[in-house]
>>> print(open('start.cif').read())   # mmCIF, C-alpha atoms
data_model
#
loop_
_atom_site.label_atom_id
_atom_site.label_comp_id
_atom_site.auth_asym_id
_atom_site.auth_seq_id
_atom_site.Cartn_x
_atom_site.Cartn_y
_atom_site.Cartn_z
CA MET J 43 -6.37 26.17 -4.43
CA LEU J 44 -7.47 29.62 -5.58
CA THR J 45 -9.15 29.75 -8.99
CA LEU J 46 -8.68 32.78 -11.26
CA LYS J 47 -11.10 33.27 -14.12
CA LEU J 48 -10.09 35.20 -17.23
CA LYS J 49 -12.38 37.50 -19.15
CA THR J 50 -13.96 36.42 -22.41
CA ARG J 51 -11.32 35.79 -25.12
CA GLU J 52 -8.47 36.68 -22.76
CA ASP J 53 -7.39 33.03 -22.74
CA ARG J 54 -6.12 33.22 -26.31
CA ARG J 55 -2.53 34.02 -25.36
CA LEU J 56 -2.28 31.12 -22.92
CA ARG J 57 -3.86 28.71 -25.40
CA ALA J 58 -1.26 29.83 -27.96
CA GLY J 59 1.54 28.81 -25.60
CA HIS J 60 2.23 32.03 -23.71
CA LEU J 61 2.69 31.93 -19.94
CA TRP J 62 1.70 35.43 -18.80
CA VAL J 63 -1.55 36.92 -17.51
CA TYR J 64 -2.04 40.67 -17.07
CA SER J 65 -4.19 42.17 -14.34
CA ASN J 66 -6.72 43.62 -16.82
CA GLU J 67 -7.36 40.12 -18.19
CA ILE J 68 -8.71 38.81 -14.89
CA ASP J 69 -12.49 38.69 -14.44
CA THR J 70 -12.60 40.64 -11.18
CA ALA J 71 -16.38 40.32 -10.98
CA THR J 72 -16.04 36.61 -10.24
CA THR J 73 -12.48 36.46 -8.89
CA ALA J 74 -11.40 38.03 -5.63
CA ALA J 75 -7.71 38.35 -6.47
CA LYS J 76 -6.90 41.68 -4.82
CA GLY J 77 -6.60 40.35 -1.29
CA VAL J 78 -4.51 37.36 -2.27
CA ALA J 79 -0.93 37.19 -1.01
CA PRO J 80 1.65 37.80 -3.77
CA GLY J 81 2.99 34.54 -5.17
CA THR J 82 -0.01 32.38 -4.28
CA LEU J 83 -0.43 29.25 -6.38
CA CYS J 84 -3.67 29.19 -8.35
CA LYS J 85 -5.65 27.53 -11.12
CA PHE J 86 -6.44 29.55 -14.21
CA VAL J 87 -9.71 28.98 -16.07
CA ASP J 88 -11.26 30.67 -19.07
CA SER J 89 -14.56 32.56 -19.11
CA ARG J 90 -16.44 29.26 -19.52
CA ASP J 91 -14.61 27.72 -16.53
CA LYS J 92 -12.51 25.46 -18.74
CA PRO J 93 -9.10 24.84 -17.13
CA LEU J 94 -5.98 26.50 -18.52
CA GLY J 95 -3.47 25.20 -16.01
CA VAL J 96 -1.72 25.98 -12.73
CA GLY J 97 0.52 28.93 -11.98
CA TYR J 98 0.92 31.72 -9.50
CA VAL J 99 -0.49 35.19 -9.04
CA ASN J 100 0.76 38.54 -7.76
CA PRO J 101 -2.20 40.92 -7.65
CA THR J 102 0.07 43.90 -6.93
CA ALA J 103 1.86 43.61 -10.30
CA LEU J 104 0.63 44.52 -13.79
CA LEU J 105 1.96 41.19 -15.03
CA CYS J 106 0.03 39.44 -12.32
CA GLY J 107 -0.03 35.77 -13.34
CA ARG J 108 2.38 33.22 -14.75
CA LEU J 109 1.51 29.73 -15.87
CA LEU J 110 3.72 26.90 -14.63
CA THR J 111 1.91 24.04 -16.37
CA GLY J 112 -1.08 23.47 -18.59
CA LYS J 113 -2.10 20.48 -16.49
CA ALA J 114 -5.00 21.54 -14.28
CA ASP J 115 -4.40 18.75 -11.76
CA ALA J 116 -0.66 19.35 -11.37
CA VAL J 117 0.86 19.43 -7.90
CA ILE J 118 3.68 21.99 -7.71
CA ASP J 119 6.09 20.35 -5.29
CA ALA J 120 9.77 19.38 -5.17
CA ASP J 121 9.15 16.37 -7.44
CA TRP J 122 7.51 18.59 -10.06
CA MET J 123 10.39 21.08 -9.82
CA LEU J 124 12.92 18.27 -10.10
CA ARG J 125 11.34 17.00 -13.32
CA ARG J 126 11.50 20.47 -14.88
CA LEU J 127 15.13 20.89 -13.85
CA GLN J 128 16.01 17.40 -15.11
CA SER J 129 14.61 18.37 -18.51
CA ALA J 130 16.65 21.57 -18.50
CA LEU J 131 19.79 19.70 -17.46
CA ALA J 132 19.37 17.12 -20.22
CA LEU J 133 19.51 19.87 -22.84
CA ARG J 134 22.62 21.51 -21.37
CA GLU J 135 24.46 18.22 -21.08
CA LYS J 136 23.91 17.66 -24.81
CA LEU J 137 25.24 21.14 -25.58
CA TYR J 138 28.31 21.42 -23.35
CA PRO J 139 31.06 18.94 -22.42
CA THR J 140 31.76 20.64 -19.09
CA PRO J 141 29.30 21.72 -16.34
CA TYR J 142 29.42 25.46 -16.95
CA TYR J 143 26.23 26.97 -18.40
CA ARG J 144 22.87 28.52 -17.66
CA LEU J 145 20.94 25.59 -16.26
CA ALA J 146 17.53 27.27 -16.10
CA PHE J 147 16.34 30.22 -18.17
CA GLY J 148 12.98 31.19 -16.72
CA ASP J 149 9.98 31.04 -19.05
CA SER J 150 11.92 29.23 -21.76
CA ASP J 151 12.45 26.24 -19.46
CA GLY J 152 8.91 26.33 -18.10
CA LEU J 153 10.16 27.93 -14.89
CA PRO J 154 9.01 31.57 -14.97
CA GLY J 155 10.89 33.67 -12.45
CA LEU J 156 13.83 31.28 -12.04
CA VAL J 157 17.40 31.64 -13.31
CA VAL J 158 20.14 29.16 -12.39
CA ASP J 159 23.74 29.41 -13.56
CA ARG J 160 26.02 26.44 -12.97
CA TYR J 161 29.72 26.68 -12.14
CA GLY J 162 30.60 23.04 -11.62
CA ASP J 163 29.55 22.27 -8.05
CA VAL J 164 28.45 25.85 -7.30
CA LEU J 165 25.07 27.21 -8.40
CA VAL J 166 23.98 30.84 -8.58
CA VAL J 167 20.21 31.28 -8.38
CA GLN J 168 17.94 34.27 -9.02
CA LEU J 169 14.28 34.26 -8.01
CA THR J 170 12.74 37.23 -9.81
CA THR J 171 9.01 36.84 -9.06
CA ALA J 172 6.91 36.58 -5.92
CA GLY J 173 5.64 33.20 -7.09
CA MET J 174 9.11 31.72 -7.47
CA GLU J 175 10.21 33.33 -4.21
CA ASN J 176 7.38 31.43 -2.50
CA LEU J 177 8.67 28.24 -4.14
CA LYS J 178 12.25 28.84 -2.96
CA ALA J 179 12.29 25.86 -0.61
CA ILE J 180 11.31 23.38 -3.32
CA VAL J 181 13.71 25.00 -5.82
CA ILE J 182 16.60 24.48 -3.39
CA GLU J 183 15.49 20.93 -2.55
CA ALA J 184 15.20 19.99 -6.23
CA LEU J 185 18.62 21.47 -7.08
CA GLN J 186 20.23 19.62 -4.20
CA ARG J 187 18.63 16.34 -5.24
CA LEU J 188 19.59 16.86 -8.88
CA LEU J 189 23.19 18.04 -8.59
CA LYS J 190 24.30 17.78 -4.94
CA PRO J 191 26.13 21.12 -5.21
CA ARG J 192 28.84 22.22 -2.82
CA GLY J 193 27.13 25.59 -2.54
CA ILE J 194 24.17 27.62 -3.74
CA LEU J 195 24.27 31.41 -3.89
CA LEU J 196 20.94 33.22 -4.06
CA ARG J 197 21.73 36.48 -5.89
CA ASN J 198 18.31 38.01 -5.30
CA ASP J 199 19.50 41.56 -5.86
CA THR J 200 18.07 42.10 -9.34
CA SER J 201 15.85 45.10 -10.08
CA ALA J 202 13.18 42.77 -11.51
CA ARG J 203 12.29 41.84 -7.93
CA GLU J 204 11.34 45.43 -7.15
CA LEU J 205 8.61 45.28 -9.81
CA GLU J 206 7.15 42.38 -7.83
CA GLY J 207 7.34 44.23 -4.51
CA LEU J 208 10.13 41.95 -3.27
CA SER J 209 13.09 42.86 -1.10
CA LEU J 210 16.66 42.47 -2.33
CA TYR J 211 18.98 40.06 -0.55
CA GLU J 212 21.73 37.49 -0.93
CA GLU J 213 21.82 34.12 0.79
CA ILE J 214 24.44 31.39 0.83
CA ILE J 215 23.60 27.72 1.28
CA GLY J 216 26.65 25.54 1.79
CA GLU J 217 30.04 26.79 0.61
CA VAL J 218 30.32 29.52 -2.02
CA PRO J 219 33.71 31.19 -2.63
CA GLU J 220 34.06 34.80 -3.75
CA THR J 221 35.34 33.65 -7.12
CA VAL J 222 34.58 30.40 -8.96
CA ASP J 223 36.26 28.58 -11.82
CA LEU J 224 34.64 27.93 -15.17
CA ILE J 225 35.64 26.67 -18.61
CA GLU J 226 34.35 28.11 -21.88
CA SER J 227 35.21 26.09 -25.00
CA GLY J 228 38.31 24.76 -23.28
CA VAL J 229 39.48 28.15 -21.97
CA PRO J 230 39.64 28.53 -18.15
CA PHE J 231 38.27 31.61 -16.40
CA LYS J 232 37.47 32.89 -12.96
CA ALA J 233 34.16 34.64 -12.24
CA PRO J 234 33.37 36.81 -9.18
CA VAL J 235 29.97 35.36 -8.36
CA ARG J 236 29.56 37.19 -5.05
CA GLY J 237 30.80 40.64 -5.99
CA GLY J 238 30.47 40.70 -9.75
CA GLN J 239 27.68 41.57 -12.15
CA LYS J 240 24.47 39.52 -12.45
CA THR J 241 25.37 35.91 -11.60
CA GLY J 242 29.11 36.45 -12.09
CA TRP J 243 29.48 35.53 -15.78
CA PHE J 244 27.64 36.08 -19.06
CA TYR J 245 27.02 32.64 -20.50
CA ASP J 246 24.69 34.11 -23.12
CA GLN J 247 27.68 35.32 -25.21
CA HIS J 248 29.41 31.93 -25.29
CA ALA J 249 28.45 31.11 -28.89
CA ASN J 250 29.26 34.63 -30.10
CA ARG J 251 32.70 34.47 -28.51
CA ASP J 252 33.26 31.15 -30.28
CA ARG J 253 32.82 33.04 -33.58
CA LEU J 254 35.92 35.16 -32.93
CA ALA J 255 38.47 32.72 -34.29
CA PRO J 256 38.56 33.77 -37.99
CA TYR J 257 38.75 37.47 -37.18
CA VAL J 258 41.41 37.91 -34.50
CA LYS J 259 44.56 36.00 -35.44
CA GLY J 260 47.41 38.51 -35.28
CA ALA J 261 44.93 41.32 -34.54
CA ARG J 262 44.95 44.20 -32.06
CA VAL J 263 41.70 43.71 -30.12
CA LEU J 264 39.78 46.19 -27.98
CA ASP J 265 37.13 44.76 -25.63
CA VAL J 266 34.74 47.54 -24.51
CA PHE J 267 32.56 46.80 -21.47
CA SER J 268 34.93 43.88 -21.01
CA TYR J 269 33.77 42.87 -17.52
CA VAL J 270 36.24 40.07 -16.59
CA GLY J 271 37.73 39.71 -20.06
CA GLY J 272 35.58 37.07 -21.71
CA TRP J 273 35.98 38.44 -25.23
CA ALA J 274 39.57 39.63 -24.79
CA VAL J 275 40.96 36.41 -23.34
CA ARG J 276 39.16 34.29 -25.93
CA ALA J 277 40.61 36.56 -28.66
CA ALA J 278 44.11 36.15 -27.28
CA LYS J 279 43.73 32.37 -27.17
CA PHE J 280 42.65 32.52 -30.82
CA GLY J 281 45.92 34.31 -31.65
CA ALA J 282 45.35 38.05 -31.20
CA SER J 283 48.64 39.95 -31.01
CA GLU J 284 47.44 42.31 -28.27
CA VAL J 285 44.27 42.75 -26.23
CA THR J 286 42.92 45.72 -24.28
CA CYS J 287 40.01 45.70 -21.83
CA VAL J 288 37.85 48.72 -21.01
CA ASP J 289 35.47 48.69 -18.04
CA SER J 290 34.28 51.04 -15.31
CA SER J 291 34.67 48.39 -12.60
CA LYS J 292 37.99 48.05 -10.82
CA LEU J 293 37.01 44.59 -9.58
CA ALA J 294 36.11 43.43 -13.08
CA LEU J 295 39.44 44.55 -14.51
CA GLU J 296 41.34 42.94 -11.64
CA VAL J 297 39.64 39.62 -12.41
CA ALA J 298 40.27 40.18 -16.13
CA ALA J 299 43.97 40.50 -15.35
CA GLU J 300 43.76 37.27 -13.32
CA ASN J 301 42.10 35.54 -16.26
CA ALA J 302 44.84 36.76 -18.59
CA LYS J 303 47.51 35.45 -16.22
CA LEU J 304 45.65 32.16 -15.88
CA ASN J 305 45.91 31.75 -19.65
CA GLY J 306 49.48 33.00 -20.00
CA ILE J 307 48.65 36.13 -21.99
CA ALA J 308 49.41 39.84 -21.67
CA LEU J 309 46.50 42.23 -21.13
CA GLU J 310 46.16 46.00 -21.08
CA THR J 311 43.34 47.45 -18.97
CA ARG J 312 41.70 50.88 -19.03
CA GLN J 313 39.26 51.80 -16.26
CA GLY J 314 36.61 54.47 -16.75
CA ASP J 315 33.44 55.44 -18.56
CA ALA J 316 33.47 53.66 -21.91
CA LEU J 317 32.84 56.73 -24.06
CA ASP J 318 35.50 58.72 -22.23
CA VAL J 319 38.06 55.94 -22.61
CA LEU J 320 37.28 55.52 -26.31
CA LYS J 321 37.78 59.23 -26.89
CA THR J 322 41.06 59.11 -24.95
CA LEU J 323 42.32 56.18 -27.03
CA ARG J 324 41.43 58.10 -30.18
CA GLY J 325 43.31 61.13 -28.88
CA GLU J 326 46.34 58.90 -28.32
CA GLY J 327 46.20 57.84 -31.97
CA ARG J 328 45.45 54.22 -31.13
CA GLN J 329 43.99 51.91 -33.72
CA PHE J 330 42.62 48.39 -33.43
CA ASP J 331 41.87 45.65 -35.93
CA VAL J 332 38.90 44.34 -33.93
CA VAL J 333 36.68 46.26 -31.53
CA VAL J 334 34.01 44.55 -29.43
CA VAL J 335 31.21 46.76 -28.05
CA ASP J 336 29.17 44.69 -25.60
CA PRO J 337 27.39 47.08 -23.22
CA PRO J 338 24.86 46.25 -20.51
CA ALA J 339 21.20 46.86 -21.33
CA LEU J 340 21.06 50.56 -22.21
CA ILE J 341 17.28 50.45 -22.76
CA LYS J 342 15.77 48.75 -19.72
CA ARG J 343 12.32 50.28 -20.22
CA LYS J 344 10.55 51.39 -23.38
CA ARG J 345 10.60 54.99 -22.19
CA ASP J 346 14.42 54.83 -22.21
CA THR J 347 14.48 54.14 -25.95
CA ASP J 348 15.55 57.58 -27.20
CA ALA J 349 18.37 58.06 -24.70
CA GLY J 350 19.50 54.46 -25.04
CA THR J 351 19.50 54.59 -28.83
CA GLU J 352 21.72 57.66 -28.79
CA HIS J 353 24.06 55.93 -26.33
CA TYR J 354 24.38 52.91 -28.63
CA ALA J 355 25.04 55.26 -31.54
CA ALA J 356 27.73 57.21 -29.69
CA LEU J 357 29.53 54.05 -28.54
CA ASN J 358 29.59 52.50 -31.98
CA ARG J 359 30.61 55.78 -33.61
CA GLN J 360 33.64 56.09 -31.31
CA ALA J 361 34.49 52.42 -31.86
CA MET J 362 34.45 52.96 -35.63
CA HIS J 363 36.87 55.88 -35.27
CA LEU J 364 39.33 53.48 -33.61
CA LEU J 365 39.12 50.78 -36.27
CA ALA J 366 42.00 50.28 -38.67
CA PRO J 367 41.15 49.99 -42.39
CA ASP J 368 39.07 46.87 -43.04
CA GLY J 369 38.69 46.45 -39.28
CA ILE J 370 36.07 44.29 -37.61
CA LEU J 371 33.42 45.74 -35.30
CA ILE J 372 31.44 43.33 -33.12
CA SER J 373 28.45 45.31 -31.89
CA CYS J 374 26.09 43.79 -29.33
CA SER J 375 22.91 44.73 -27.54
CA CYS J 376 21.16 42.81 -24.76
CA SER J 377 18.31 45.34 -24.61
CA PHE J 378 15.05 43.65 -25.58
CA HIS J 379 13.67 47.05 -26.64
CA MET J 380 16.53 47.51 -29.12
CA GLU J 381 15.48 45.39 -32.08
CA ALA J 382 18.08 43.90 -34.37
CA ALA J 383 16.81 45.98 -37.30
CA GLU J 384 17.24 49.18 -35.30
CA LEU J 385 20.77 48.29 -34.22
CA GLN J 386 21.58 47.58 -37.87
CA ARG J 387 20.21 51.01 -38.83
CA ILE J 388 22.39 52.62 -36.17
CA LEU J 389 25.47 50.83 -37.47
CA LEU J 390 24.76 51.89 -41.05
CA ARG J 391 24.10 55.51 -40.08
CA GLU J 392 27.22 55.79 -37.92
CA SER J 393 29.42 54.15 -40.54
CA ARG J 394 28.32 56.82 -43.00
CA THR J 395 28.96 59.50 -40.36
CA VAL J 396 32.60 58.40 -40.02
CA GLY J 397 32.99 57.87 -43.78
CA ARG J 398 33.35 54.09 -43.75
CA ARG J 399 31.69 51.39 -45.83
CA LEU J 400 29.88 48.85 -43.66
CA GLN J 401 29.52 45.12 -44.40
CA ILE J 402 27.62 42.81 -42.09
CA LEU J 403 29.35 39.45 -42.03
CA GLU J 404 27.51 37.49 -39.38
CA GLN J 405 24.70 37.88 -36.88
CA GLY J 406 24.39 36.07 -33.57
CA GLY J 407 22.00 35.76 -30.68
CA GLN J 408 22.10 34.24 -27.24
CA SER J 409 23.71 30.85 -26.69
CA PRO J 410 21.41 27.80 -26.70
CA ASP J 411 21.51 27.49 -22.93
CA HIS J 412 19.31 30.63 -23.16
CA PRO J 413 16.62 29.08 -25.39
CA VAL J 414 13.89 31.21 -26.93
CA HIS J 415 10.28 30.56 -25.98
CA PRO J 416 8.48 30.79 -29.34
CA ALA J 417 5.41 32.49 -27.85
CA ILE J 418 7.31 34.99 -25.67
CA VAL J 419 9.27 37.49 -27.75
CA GLU J 420 10.96 38.88 -24.63
CA THR J 421 13.03 35.70 -24.35
CA ARG J 422 14.86 36.65 -27.58
CA TYR J 423 16.92 39.59 -26.42
CA LEU J 424 20.60 39.35 -27.43
CA LYS J 425 21.89 40.69 -30.75
CA ALA J 426 25.45 40.53 -32.05
CA PHE J 427 26.57 41.95 -35.41
CA TYR J 428 29.96 41.05 -36.86
CA CYS J 429 30.80 43.92 -39.22
CA ARG J 430 33.67 44.91 -41.50
CA LEU J 431 34.38 48.60 -42.06
CA ALA J 432 36.30 49.27 -45.25
#
>>> encode(input="start.cif", output="structure tokens")
Amino acid sequence: MLTLKLKTREDRRLRAGHLWVYSNEIDTATTAAKGVAPGTLCKFVDSRDKPLGVGYVNPTALLCGRLLTGKADAVIDADWMLRRLQSALALREKLYPTPYYRLAFGDSDGLPGLVVDRYGDVLVVQLTTAGMENLKAIVIEALQRLLKPRGILLRNDTSARELEGLSLYEEIIGEVPETVDLIESGVPFKAPVRGGQKTGWFYDQHANRDRLAPYVKGARVLDVFSYVGGWAVRAAKFGASEVTCVDSSKLALEVAAENAKLNGIALETRQGDALDVLKTLRGEGRQFDVVVVDPPALIKRKRDTDAGTEHYAALNRQAMHLLAPDGILISCSCSFHMEAAELQRILLRESRTVGRRLQILEQGGQSPDHPVHPAIVETRYLKAFYCRLA
């Protein structure tokens, strides 16, 4: 197996529990990494040749190495993968009574580059690094041994793969329908895993949607960036008097309507750019008691910060205009580069702009099936503020 030596003192991050190695940390004088095929398994050692563990390397990427295990003699095979996935499964089975959750969350589960979402007997898998792509066969074997799924969908169409020099593709193993069933806190939904966003559903907001109950009974609720109606349908089941979904995707709103019908509730849908629809609703004189603003990542790269920050501000400003007196705004951000403190500053500034008094009632993050790796700040990405505007 290839051995990669780090420069003096560049082992500190790994010894502190981190899993990443950057290209400028490799001792290129003693390590011939440039000609190595992307995704090759390797041993990492420090400048004194003391072992750090086993991982994989992609010499074409800035983030060129990821540690899989601190055991220098580890064999990365299907048995090893199965043990990691068994550990991940044990946590989820403690957390959720039904088999609908994120089964594997990359670095946080000791599986950098791997995401697995479970929909009962259907799994949706994303391999986001060259190293995990090279391990695809043992990932599939381990998942089949662990869960015996009816079907596995490889949704390898994420932009993260492009940073690794990987092609985008989808692959189906077994039987995978266009739309799958799931249950969230007892509420049934359908998710378009083959044509929808990401892996078909956003499990990371599960816990935040559970928080809705005290705020929505008898309320008029607006769900902005609704996708397939996760927030809206949960609000209606908690007793909201009316729910409205806003999304740019026709498919998403069609599935949202299906989810409403599945749960015996009425649902209004508005298709279009979120800001445009919010301005239209304001022009119609509409008001809502609860507005949820849950956009996709508006700041994907640090250089997008200024434009993304203004976009968050504009969305929340328009949402505040639509809130009835003492209304509740649930403002979310899944952009890692948007820190919670900055989102809070935006909310305060925009509340003053519209002449409202802001109170923050609760704060939430990602659900526990998206655990945070304590040494990798990037694994803590989701923010949710429950606010009251007097």
>>> atom_distance(input="start.cif", atom1="CA of Ala361 in chain J", atom2="CA of Phe231 in chain J")
26.2 Å
>>> resolve_selection(input="start.cif", expression="the PyMOL selection byres ((chain J and resi 188-202) around 7)", output="number ranges by chain")
J: 124, 163-170, 184-187, 203-205, 210-218, 241
>>> closest_residue(input="start.cif", among="J:Asp315, J:Asp331, J:Asp336, J:Glu392", to="Leu365 in chain J", atoms="all atoms listed in the file")
J:Asp331
>>> resolve_selection(input="start.cif", expression="the PyMOL selection byres ((chain J and resi 77) around 10)", output="number ranges by chain")
J: 74-76, 78-80, 100-102
>>> residues_around(input="start.cif", residues="Pro93 in chain J", least_positions_apart="6", cutoff="12 Å", atoms="all atoms listed in the file", output="number ranges by chain")
J: 45-48, 53, 56-57, 84-87, 109, 111-116
>>> residues_around(input="start.cif", residues="Pro410 in chain J", least_positions_apart="5", cutoff="12 Å", atoms="all atoms listed in the file", output="MDAnalysis selection string")
chainID J and resid 130 133:138 143:147 150:151 245:250 415 421:422 424
>>> resolve_selection(input="start.cif", expression="the PyMOL selection byres ((chain J and resi 320) around 12)", output="count of residues only")
39
>>> closest_residue(input="start.cif", among="J:Ala132, J:Ile180, J:Pro367, J:Asp88", to="Asp119 in chain J", atoms="all atoms listed in the file")
J:Ile180
>>> atom_distance(input="start.cif", atom1="CA of Tyr98 in chain J", atom2="CA of Thr50 in chain J")
20.3 Å
>>> residues_around(input="start.cif", residues="range 375-377 of chain J", least_positions_apart="5", cutoff="6 Å", atoms="all atoms listed in the file", output="tab-separated table (two decimals) with C-alpha atoms, in the frame of the given file")
chain	number	residue	atom	x	y	z
J	339	ALA	CA	21.20	46.86	-21.33
J	341	ILE	CA	17.28	50.45	-22.76
J	423	TYR	CA	16.92	39.59	-26.42
J	424	LEU	CA	20.60	39.35	-27.43
J	425	LYS	CA	21.89	40.69	-30.75
>>> atom_distance(input="start.cif", atom1="CA of Pro337 in chain J", atom2="CA of Leu156 in chain J")
23.6 Å
>>> residues_around(input="start.cif", residues="Tyr428 in chain J", least_positions_apart="4", cutoff="8 Å", atoms="all atoms listed in the file", output="PyMOL selection string")
chain J and resi 370-373+402-405
>>> residues_around(input="start.cif", residues="range 269-274 of chain J", least_positions_apart="6", cutoff="6 Å", atoms="all atoms listed in the file", output="number ranges by chain")
J: 285, 294-295, 297-298
>>> closest_residue(input="start.cif", among="J:Lys232, J:Lys342, J:His412, J:Arg430", to="Leu389 in chain J", atoms="only C-alpha atoms")
J:Arg430
>>> closest_residue(input="start.cif", among="J:Arg251, J:Arg54, J:Lys178, J:Arg262", to="Ala120 in chain J", atoms="all atoms listed in the file")
J:Lys178
>>> closest_residue(input="start.cif", among="J:Gly242, J:Gly97, J:Pro219, J:Gly81", to="Gly207 in chain J", atoms="all atoms listed in the file")
J:Gly81
>>> decode(input="start.cif", residues="range 414-430 of chain J", atoms="N, CA, C and O atoms", output="mmCIF file, in the first residue's frame")
data_model
loop_
_atom_site.group_PDB
_atom_site.id
_atom_site.type_symbol
_atom_site.label_atom_id
_atom_site.label_comp_id
_atom_site.auth_asym_id
_atom_site.auth_seq_id
_atom_site.Cartn_x
_atom_site.Cartn_y
_atom_site.Cartn_z
ATOM 1 N N VAL J 414 -22.751 15.622 14.351
ATOM 2 C CA VAL J 414 -21.637 16.553 14.147
ATOM 3 C C VAL J 414 -20.336 15.874 14.558
ATOM 4 O O VAL J 414 -20.247 15.302 15.649
ATOM 5 N N HIS J 415 -19.342 15.933 13.683
ATOM 6 C CA HIS J 415 -18.002 15.475 14.040
ATOM 7 C C HIS J 415 -17.337 16.610 14.808
ATOM 8 O O HIS J 415 -17.162 17.707 14.276
ATOM 9 N N PRO J 416 -16.930 16.387 16.067
ATOM 10 C CA PRO J 416 -16.454 17.502 16.893
ATOM 11 C C PRO J 416 -15.188 18.174 16.390
ATOM 12 O O PRO J 416 -14.897 19.312 16.791
ATOM 13 N N ALA J 417 -14.429 17.507 15.518
ATOM 14 C CA ALA J 417 -13.198 18.106 15.000
ATOM 15 C C ALA J 417 -13.378 18.716 13.616
ATOM 16 O O ALA J 417 -12.459 19.342 13.094
ATOM 17 N N ILE J 418 -14.565 18.545 13.026
ATOM 18 C CA ILE J 418 -14.792 19.015 11.654
ATOM 19 C C ILE J 418 -15.982 19.969 11.665
ATOM 20 O O ILE J 418 -17.145 19.541 11.654
ATOM 21 N N VAL J 419 -15.698 21.257 11.692
ATOM 22 C CA VAL J 419 -16.769 22.244 11.844
ATOM 23 C C VAL J 419 -17.740 22.200 10.675
ATOM 24 O O VAL J 419 -18.905 22.582 10.807
ATOM 25 N N GLU J 420 -17.274 21.745 9.513
ATOM 26 C CA GLU J 420 -18.138 21.713 8.327
ATOM 27 C C GLU J 420 -19.315 20.758 8.488
ATOM 28 O O GLU J 420 -20.296 20.850 7.726
ATOM 29 N N THR J 421 -19.233 19.829 9.444
ATOM 30 C CA THR J 421 -20.348 18.899 9.637
ATOM 31 C C THR J 421 -21.494 19.520 10.432
ATOM 32 O O THR J 421 -22.560 18.916 10.544
ATOM 33 N N ARG J 422 -21.280 20.712 10.981
ATOM 34 C CA ARG J 422 -22.365 21.459 11.639
ATOM 35 C C ARG J 422 -22.782 22.571 10.690
ATOM 36 O O ARG J 422 -22.142 23.610 10.604
ATOM 37 N N TYR J 423 -23.846 22.368 9.969
ATOM 38 C CA TYR J 423 -24.177 23.295 8.882
ATOM 39 C C TYR J 423 -25.574 23.895 8.959
ATOM 40 O O TYR J 423 -25.825 24.994 8.457
ATOM 41 N N LEU J 424 -26.532 23.210 9.574
ATOM 42 C CA LEU J 424 -27.923 23.652 9.520
ATOM 43 C C LEU J 424 -28.265 24.539 10.714
ATOM 44 O O LEU J 424 -27.940 24.209 11.855
ATOM 45 N N LYS J 425 -28.914 25.660 10.404
ATOM 46 C CA LYS J 425 -29.394 26.591 11.433
ATOM 47 C C LYS J 425 -30.896 26.811 11.248
ATOM 48 O O LYS J 425 -31.357 26.932 10.112
ATOM 49 N N ALA J 426 -31.621 26.866 12.345
ATOM 50 C CA ALA J 426 -33.051 27.177 12.280
ATOM 51 C C ALA J 426 -33.408 28.074 13.462
ATOM 52 O O ALA J 426 -33.186 27.695 14.616
ATOM 53 N N PHE J 427 -33.928 29.255 13.169
ATOM 54 C CA PHE J 427 -34.352 30.200 14.208
ATOM 55 C C PHE J 427 -35.878 30.274 14.218
ATOM 56 O O PHE J 427 -36.500 30.564 13.196
ATOM 57 N N TYR J 428 -36.454 30.027 15.378
ATOM 58 C CA TYR J 428 -37.883 30.245 15.584
ATOM 59 C C TYR J 428 -38.030 31.631 16.204
ATOM 60 O O TYR J 428 -37.572 31.865 17.334
ATOM 61 N N CYS J 429 -38.672 32.526 15.494
ATOM 62 C CA CYS J 429 -38.744 33.939 15.919
ATOM 63 C C CYS J 429 -40.196 34.400 16.013
ATOM 64 O O CYS J 429 -41.054 33.971 15.253
ATOM 65 N N ARG J 430 -40.431 35.328 16.921
ATOM 66 C CA ARG J 430 -41.726 36.016 17.017
ATOM 67 C C ARG J 430 -41.509 37.474 16.659
ATOM 68 O O ARG J 430 -40.560 38.109 17.132
#
